[in-house]
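Structure file work-v3.txt with compact mmCIF, C-alpha atoms:
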```txt
# COMPACT_ATOMS: atom_id res chain seq x y z
CA MET P 1 -20.58 51.65 17.02
CA ILE P 2 -23.26 51.58 19.72
CA ARG P 3 -26.62 52.99 18.63
CA MET P 4 -28.37 54.92 21.39
CA ILE P 5 -31.85 56.40 21.72
CA MET P 6 -32.12 59.50 23.94
CA HIS P 7 -35.42 59.39 25.86
CA GLY P 8 -36.17 62.95 26.98
CA CYS P 9 -33.84 64.61 24.49
CA GLY P 10 -35.45 68.03 24.90
CA GLY P 11 -34.64 68.36 28.60
CA ALA P 12 -31.56 69.96 30.07
CA MET P 13 -29.81 66.62 30.63
CA GLY P 14 -30.86 65.34 27.23
CA ARG P 15 -29.17 68.28 25.56
CA VAL P 16 -25.95 67.85 27.56
CA ILE P 17 -25.84 64.12 26.82
CA THR P 18 -26.33 64.89 23.14
CA SER P 19 -23.23 67.09 23.13
CA ILE P 20 -21.17 64.57 25.15
CA ALA P 21 -22.15 61.65 22.91
CA ALA P 22 -21.30 63.66 19.80
CA GLU P 23 -17.66 63.70 20.91
CA ASP P 24 -17.50 59.97 21.74
CA PRO P 25 -16.27 57.78 18.87
CA ASP P 26 -17.83 54.63 20.33
CA ILE P 27 -21.47 55.72 20.52
CA THR P 28 -23.96 57.63 18.39
CA ILE P 29 -27.48 58.86 19.14
CA VAL P 30 -29.73 57.65 16.33
CA ALA P 31 -33.02 59.10 17.64
CA GLY P 32 -34.54 61.20 20.36
CA ILE P 33 -37.89 60.91 22.12
CA ASP P 34 -39.66 64.04 23.33
CA LYS P 35 -43.21 65.34 23.33
CA ASN P 36 -41.89 68.47 21.63
CA THR P 37 -40.71 67.24 18.25
CA ASP P 38 -39.84 70.77 17.04
CA ILE P 39 -36.62 70.92 19.06
CA GLN P 40 -33.37 71.12 17.13
CA CYS P 41 -31.31 67.93 17.42
CA PRO P 42 -28.66 66.31 15.18
CA TYR P 43 -30.93 63.25 14.94
CA PRO P 44 -34.64 62.63 14.28
CA VAL P 45 -37.02 63.27 17.20
CA PHE P 46 -40.19 61.25 17.74
CA PRO P 47 -43.07 61.90 20.18
CA SER P 48 -42.97 58.33 21.53
CA LEU P 49 -40.92 55.16 21.32
CA ASP P 50 -43.78 53.39 19.56
CA GLN P 51 -43.50 55.94 16.73
CA CYS P 52 -39.71 55.76 16.54
CA THR P 53 -38.49 54.22 13.27
CA GLU P 54 -34.84 53.94 14.33
CA LYS P 55 -33.44 50.86 16.04
CA GLY P 56 -31.16 51.29 19.04
CA ASP P 57 -28.88 49.07 21.08
CA VAL P 58 -29.64 50.95 24.30
CA ILE P 59 -31.95 53.69 25.59
CA VAL P 60 -30.86 56.43 27.99
CA ASP P 61 -33.73 58.00 29.92
CA PHE P 62 -33.66 61.47 31.44
CA SER P 63 -37.34 62.35 31.15
CA ALA P 64 -40.06 62.59 33.82
CA PRO P 65 -41.79 60.02 36.04
CA GLY P 66 -44.92 60.18 33.90
CA ALA P 67 -42.97 59.00 30.85
CA VAL P 68 -41.29 56.04 32.54
CA ASP P 69 -44.15 53.50 32.42
CA PRO P 70 -44.47 53.44 28.61
CA LEU P 71 -40.66 53.40 28.39
CA LEU P 72 -40.46 50.29 30.56
CA ASP P 73 -43.27 48.64 28.59
CA TYR P 74 -41.36 49.27 25.36
CA CYS P 75 -38.06 47.93 26.74
CA GLU P 76 -39.77 44.81 28.05
CA ALA P 77 -41.57 44.12 24.77
CA ASN P 78 -38.46 44.74 22.65
CA GLN P 79 -35.82 43.50 25.12
CA ILE P 80 -33.81 46.70 24.77
CA PRO P 81 -31.40 47.71 27.58
CA VAL P 82 -32.26 50.97 29.35
CA VAL P 83 -30.25 53.35 31.51
CA LEU P 84 -32.96 54.71 33.80
CA CYS P 85 -31.84 58.08 35.17
CA THR P 86 -35.17 59.78 35.90
CA THR P 87 -35.67 60.47 39.61
CA GLY P 88 -38.86 60.85 41.64
CA LEU P 89 -40.22 57.43 40.64
CA THR P 90 -43.01 55.86 42.66
CA GLU P 91 -42.48 52.59 44.52
CA GLU P 92 -44.69 50.93 41.91
CA GLN P 93 -42.44 52.18 39.11
CA VAL P 94 -39.33 50.95 40.91
CA GLU P 95 -40.93 47.52 41.25
CA LYS P 96 -41.94 47.61 37.60
CA ALA P 97 -38.32 48.33 36.60
CA LYS P 98 -37.25 45.29 38.59
CA ALA P 99 -39.88 43.18 36.82
CA VAL P 100 -38.76 44.43 33.41
CA SER P 101 -35.18 43.48 34.28
CA ARG P 102 -36.22 39.85 33.88
CA SER P 103 -36.59 40.52 30.16
CA ALA P 104 -34.11 43.36 29.51
CA ALA P 105 -31.05 44.92 31.12
CA VAL P 106 -32.02 47.82 33.39
CA LEU P 107 -29.40 50.12 34.90
CA ARG P 108 -30.90 52.40 37.51
CA SER P 109 -28.96 54.92 39.54
CA ALA P 110 -30.05 57.90 41.59
CA ASN P 111 -26.92 59.71 40.47
CA MET P 112 -24.70 59.01 37.48
CA SER P 113 -21.50 60.70 38.67
CA LEU P 114 -18.37 58.77 39.58
CA GLY P 115 -17.83 60.88 42.71
CA VAL P 116 -21.29 60.27 44.13
CA ASN P 117 -21.05 56.53 43.58
CA LEU P 118 -17.74 56.50 45.43
CA LEU P 119 -19.39 58.59 48.18
CA LEU P 120 -22.07 55.92 48.58
CA LYS P 121 -19.38 53.40 49.45
CA LEU P 122 -17.44 55.75 51.74
CA VAL P 123 -20.41 56.77 53.89
CA ALA P 124 -21.39 53.13 54.37
CA GLN P 125 -17.92 52.41 55.70
CA ALA P 126 -18.09 55.47 57.95
CA ALA P 127 -21.50 54.46 59.31
CA ARG P 128 -20.20 51.09 60.47
CA VAL P 129 -17.64 52.90 62.62
CA LEU P 130 -19.30 56.19 63.60
CA ALA P 131 -23.01 55.35 63.85
CA ALA P 132 -22.08 52.23 65.75
CA SER P 133 -20.28 54.53 68.20
CA GLY P 134 -23.32 56.73 68.75
CA PHE P 135 -22.89 59.41 66.05
CA ASP P 136 -26.11 60.88 64.63
CA MET P 137 -26.49 60.79 60.84
CA GLU P 138 -27.95 63.67 58.82
CA ILE P 139 -28.12 64.39 55.08
CA VAL P 140 -28.49 67.88 53.59
CA GLU P 141 -29.03 68.24 49.85
CA LYS P 142 -29.19 71.44 47.79
CA HIS P 143 -30.46 71.89 44.25
CA HIS P 144 -31.66 74.58 41.84
CA ASN P 145 -35.09 76.12 42.15
CA GLN P 146 -36.47 74.25 39.12
CA LYS P 147 -36.05 70.76 40.62
CA LYS P 148 -39.48 69.31 41.37
CA ASP P 149 -38.79 66.25 43.51
CA ALA P 150 -37.54 66.49 47.08
CA PRO P 151 -35.55 65.04 48.63
CA SER P 152 -33.29 64.20 45.74
CA GLY P 153 -32.87 60.64 44.55
CA THR P 154 -29.21 60.90 45.54
CA ALA P 155 -30.10 61.86 49.11
CA LEU P 156 -32.40 58.85 49.35
CA ALA P 157 -29.66 56.62 47.92
CA LEU P 158 -27.22 57.94 50.52
CA ALA P 159 -29.73 57.24 53.29
CA GLU P 160 -30.26 53.73 51.92
CA SER P 161 -26.50 53.15 51.89
CA LEU P 162 -26.27 54.26 55.53
CA ASN P 163 -29.19 52.10 56.59
CA ASN P 164 -27.92 49.05 54.71
CA ALA P 165 -24.59 49.43 56.48
CA MET P 166 -26.44 49.42 59.81
CA GLU P 167 -28.57 46.37 58.93
CA GLN P 168 -31.81 48.35 58.45
CA ALA P 169 -31.89 49.56 62.07
CA TYR P 170 -32.55 53.20 61.08
CA TYR P 171 -35.42 55.12 59.47
CA ASN P 172 -35.65 58.34 57.46
CA VAL P 173 -37.11 61.56 58.88
CA PHE P 174 -37.97 64.29 56.38
CA ASP P 175 -39.82 66.92 58.41
CA ARG P 176 -39.36 67.65 62.09
CA SER P 177 -41.68 70.66 62.11
CA ARG P 178 -44.68 68.46 62.89
CA THR P 179 -43.23 67.06 66.09
CA ASN P 180 -42.04 68.58 69.32
CA GLU P 181 -39.65 66.02 70.68
CA LYS P 182 -35.95 65.33 70.76
CA ARG P 183 -34.19 63.47 68.00
CA ASP P 184 -34.40 59.69 68.07
CA ALA P 185 -31.04 57.91 67.95
CA LYS P 186 -32.16 55.78 64.98
CA GLU P 187 -33.15 58.68 62.73
CA ILE P 188 -31.48 59.56 59.46
CA GLY P 189 -32.52 63.17 58.99
CA ILE P 190 -32.86 64.37 55.39
CA SER P 191 -33.18 68.08 54.55
CA ALA P 192 -33.75 69.62 51.11
CA VAL P 193 -32.78 73.13 49.98
CA ARG P 194 -34.04 74.60 46.68
CA GLY P 195 -32.68 77.84 45.29
CA GLY P 196 -30.95 79.63 42.47
CA SER P 197 -28.94 77.58 40.01
CA ILE P 198 -27.31 75.08 42.39
CA VAL P 199 -26.48 72.04 40.26
CA GLY P 200 -26.27 69.67 43.19
CA GLU P 201 -24.69 69.50 46.65
CA HIS P 202 -24.88 66.65 49.14
CA ASP P 203 -23.51 66.59 52.68
CA VAL P 204 -23.58 63.49 54.87
CA ILE P 205 -23.01 64.57 58.46
CA PHE P 206 -21.92 62.29 61.28
CA ALA P 207 -22.43 64.29 64.49
CA GLY P 208 -20.99 62.87 67.70
CA LYS P 209 -20.15 64.26 71.10
CA ASP P 210 -17.61 67.06 70.61
CA GLU P 211 -16.80 66.12 66.99
CA VAL P 212 -18.42 66.16 63.56
CA VAL P 213 -17.34 64.33 60.41
CA THR P 214 -18.82 65.51 57.10
CA PHE P 215 -18.62 63.91 53.66
CA SER P 216 -19.44 66.34 50.84
CA HIS P 217 -19.98 66.18 47.11
CA THR P 218 -20.54 69.22 44.88
CA ALA P 219 -21.53 69.11 41.24
CA TYR P 220 -20.50 72.21 39.27
CA SER P 221 -22.15 71.24 36.00
CA LYS P 222 -24.52 68.69 34.53
CA ALA P 223 -21.67 67.35 32.39
CA ILE P 224 -20.58 64.95 35.13
CA PHE P 225 -23.97 63.23 35.02
CA ALA P 226 -24.00 63.19 31.22
CA LYS P 227 -20.57 61.56 31.06
CA GLY P 228 -21.70 58.94 33.53
CA ALA P 229 -24.87 58.24 31.54
CA VAL P 230 -22.92 57.78 28.31
CA SER P 231 -20.45 55.47 30.06
CA ALA P 232 -23.39 53.50 31.47
CA ALA P 233 -24.95 53.22 28.01
CA LYS P 234 -21.73 51.84 26.55
CA PHE P 235 -21.48 49.36 29.42
CA LEU P 236 -25.10 48.20 29.18
CA ALA P 237 -25.38 47.74 25.41
CA GLY P 238 -25.34 44.03 24.69
CA LYS P 239 -25.86 43.01 28.32
CA GLY P 240 -28.39 40.34 29.20
CA PRO P 241 -31.44 40.82 31.42
CA GLY P 242 -30.79 41.94 34.98
CA ILE P 243 -30.60 44.90 37.34
CA TYR P 244 -27.40 46.93 37.13
CA ASP P 245 -26.14 50.12 38.76
CA MET P 246 -23.17 52.45 38.49
CA SER P 247 -21.04 50.22 40.70
CA HIS P 248 -20.99 47.75 37.79
CA VAL P 249 -19.83 50.51 35.46
CA ILE P 250 -17.03 51.87 37.63
CA GLY P 251 -15.93 48.39 38.79
```
Represent the structure of the file as structure tokens.
Amino acid sequence: MIRMIMHGCGGAMGRVITSIAAEDPDITIVAGIDKNTDIQCPYPVFPSLDQCTEKGDVIVDFSAPGAVDPLLDYCEANQIPVVLCTTGLTEEQVEKAKAVSRSAAVLRSANMSLGVNLLLKLVAQAARVLAASGFDMEIVEKHHNQKKDAPSGTALALAESLNNAMEQAYYNVFDRSRTNEKRDAKEIGISAVRGGSIVGEHDVIFAGKDEVVTFSHTAYSKAIFAKGAVSAAKFLAGKGPGIYDMSHVIG
């Protein structure tokens, strides 16, 4: 039985992961970490990892950027694998995660769903054909009105996949309102919509002369991300130091 610590257990994703893990016979959550220790969970909740008295085989993190630095410090010091799901990290935090991976297994993904990770591969293949033929590339993402970071980590991952496919010849453009000029051929435009209770929608648009090809992914519930996180935790437990992502999990 894999012993998991849920970092950010009081958040929306933490609660969904708790319910998903409770139905999985191969993993159990032995402790939760949250600044609010009064929340009701089927396991003990501690305000920090340093105060946690339970030992885990892997940590799953769905917290906030401000909580990631002490998490990484703990994983490095204790050589505990971590599934790092929190988005909106700074470049310094991303580099720190890479440094920690020399001591502990770190799985970082902008999106934990199987469908999105397949989408990352598909749009890269499409870019090699369509962008190379002069199609413009645009990304539109939509999320609920409580999401703080914009654009989403998934949108940035999609843009990175496109740019990698085109050998880093493109650059991201987030706001065209400050310029008064036509679109550059090497732009990857990224637009963010926030409203209502939209769980998550991502469209990757390839716009050419007289034709448009669109790849879309829609999330209807947070359960798809929770299932992916639990699968990632089961994969990562026992793994040696290194950087991993969902492509390693789905094979």
_Env of region 9-20 of chain P: 6 Å cut, atoms = only C-alpha atoms, seq-sep filter 3 positions within chain, self excluded. Answer as a ChimeraX atom specification._
/P:6,23,32-34,226
*Excluding same-chain residues fewer than 6 positions from Ala159 (chain P), what lies within 8 Å of it counting all atoms listed in the file, as a PyMOL selection string?*
chain P and resi 139+172+188
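For the atom pair formed by CA of Ala105 (chain P) and CA of Ser231 (chain P), the distance is 15.0 Å, given to one decimal.
Minimum atom-to-atom distances from P:Ala233, P:Ile29, P:Cys52, P:Val212 to Pro81 (chain P) were compared using all atoms listed in the file, and the lowest value belongs to P:Ala233.
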Show me a table, sorted first by chain and then by increasing residue number, of the residues of region 174-193 of chain P having an atom at most 12 Å from region 118-134 of chain P, each with its shortest atom pair and the distance in Å to one decimal, counting all atoms listed in the file and written as JSON lines.
```
{"residue": "P:Asp184", "atom": "CA", "partner": "P:Gly134", "partner_atom": "CA", "distance": 11.5}
{"residue": "P:Ala185", "atom": "CA", "partner": "P:Gly134", "partner_atom": "CA", "distance": 7.9}
{"residue": "P:Lys186", "atom": "CA", "partner": "P:Ala131", "partner_atom": "CA", "distance": 9.2}
{"residue": "P:Glu187", "atom": "CA", "partner": "P:Ala131", "partner_atom": "CA", "distance": 10.7}
{"residue": "P:Ile188", "atom": "CA", "partner": "P:Ala131", "partner_atom": "CA", "distance": 10.4}
```
For the interface of region 109-171 of chain P with region 64-77 of chain P (cut-off 12 Å, counting only C-alpha atoms), please tabulate each contacting residue of region 109-171 of chain P alongside its nearest pair of atoms and their separation in Å to one decimal, rows sorted by chain and increasing number, as a Markdown table.
```
| residue | atom | partner | partner_atom | distance |
| --- | --- | --- | --- | --- |
| P:Lys147 | CA | P:Ala64 | CA | 11.4 |
| P:Lys148 | CA | P:Ala64 | CA | 10.1 |
| P:Asp149 | CA | P:Pro65 | CA | 10.2 |
```
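Relative to CA of Val199 (chain P), CA of Glu141 (chain P) is found at 10.6 Å.
Using all atoms listed in the file, the shortest contact distance between Gly208 (chain P) and any of P:Asn164, P:Phe174, P:Phe135, P:His248 is found at P:Phe135.
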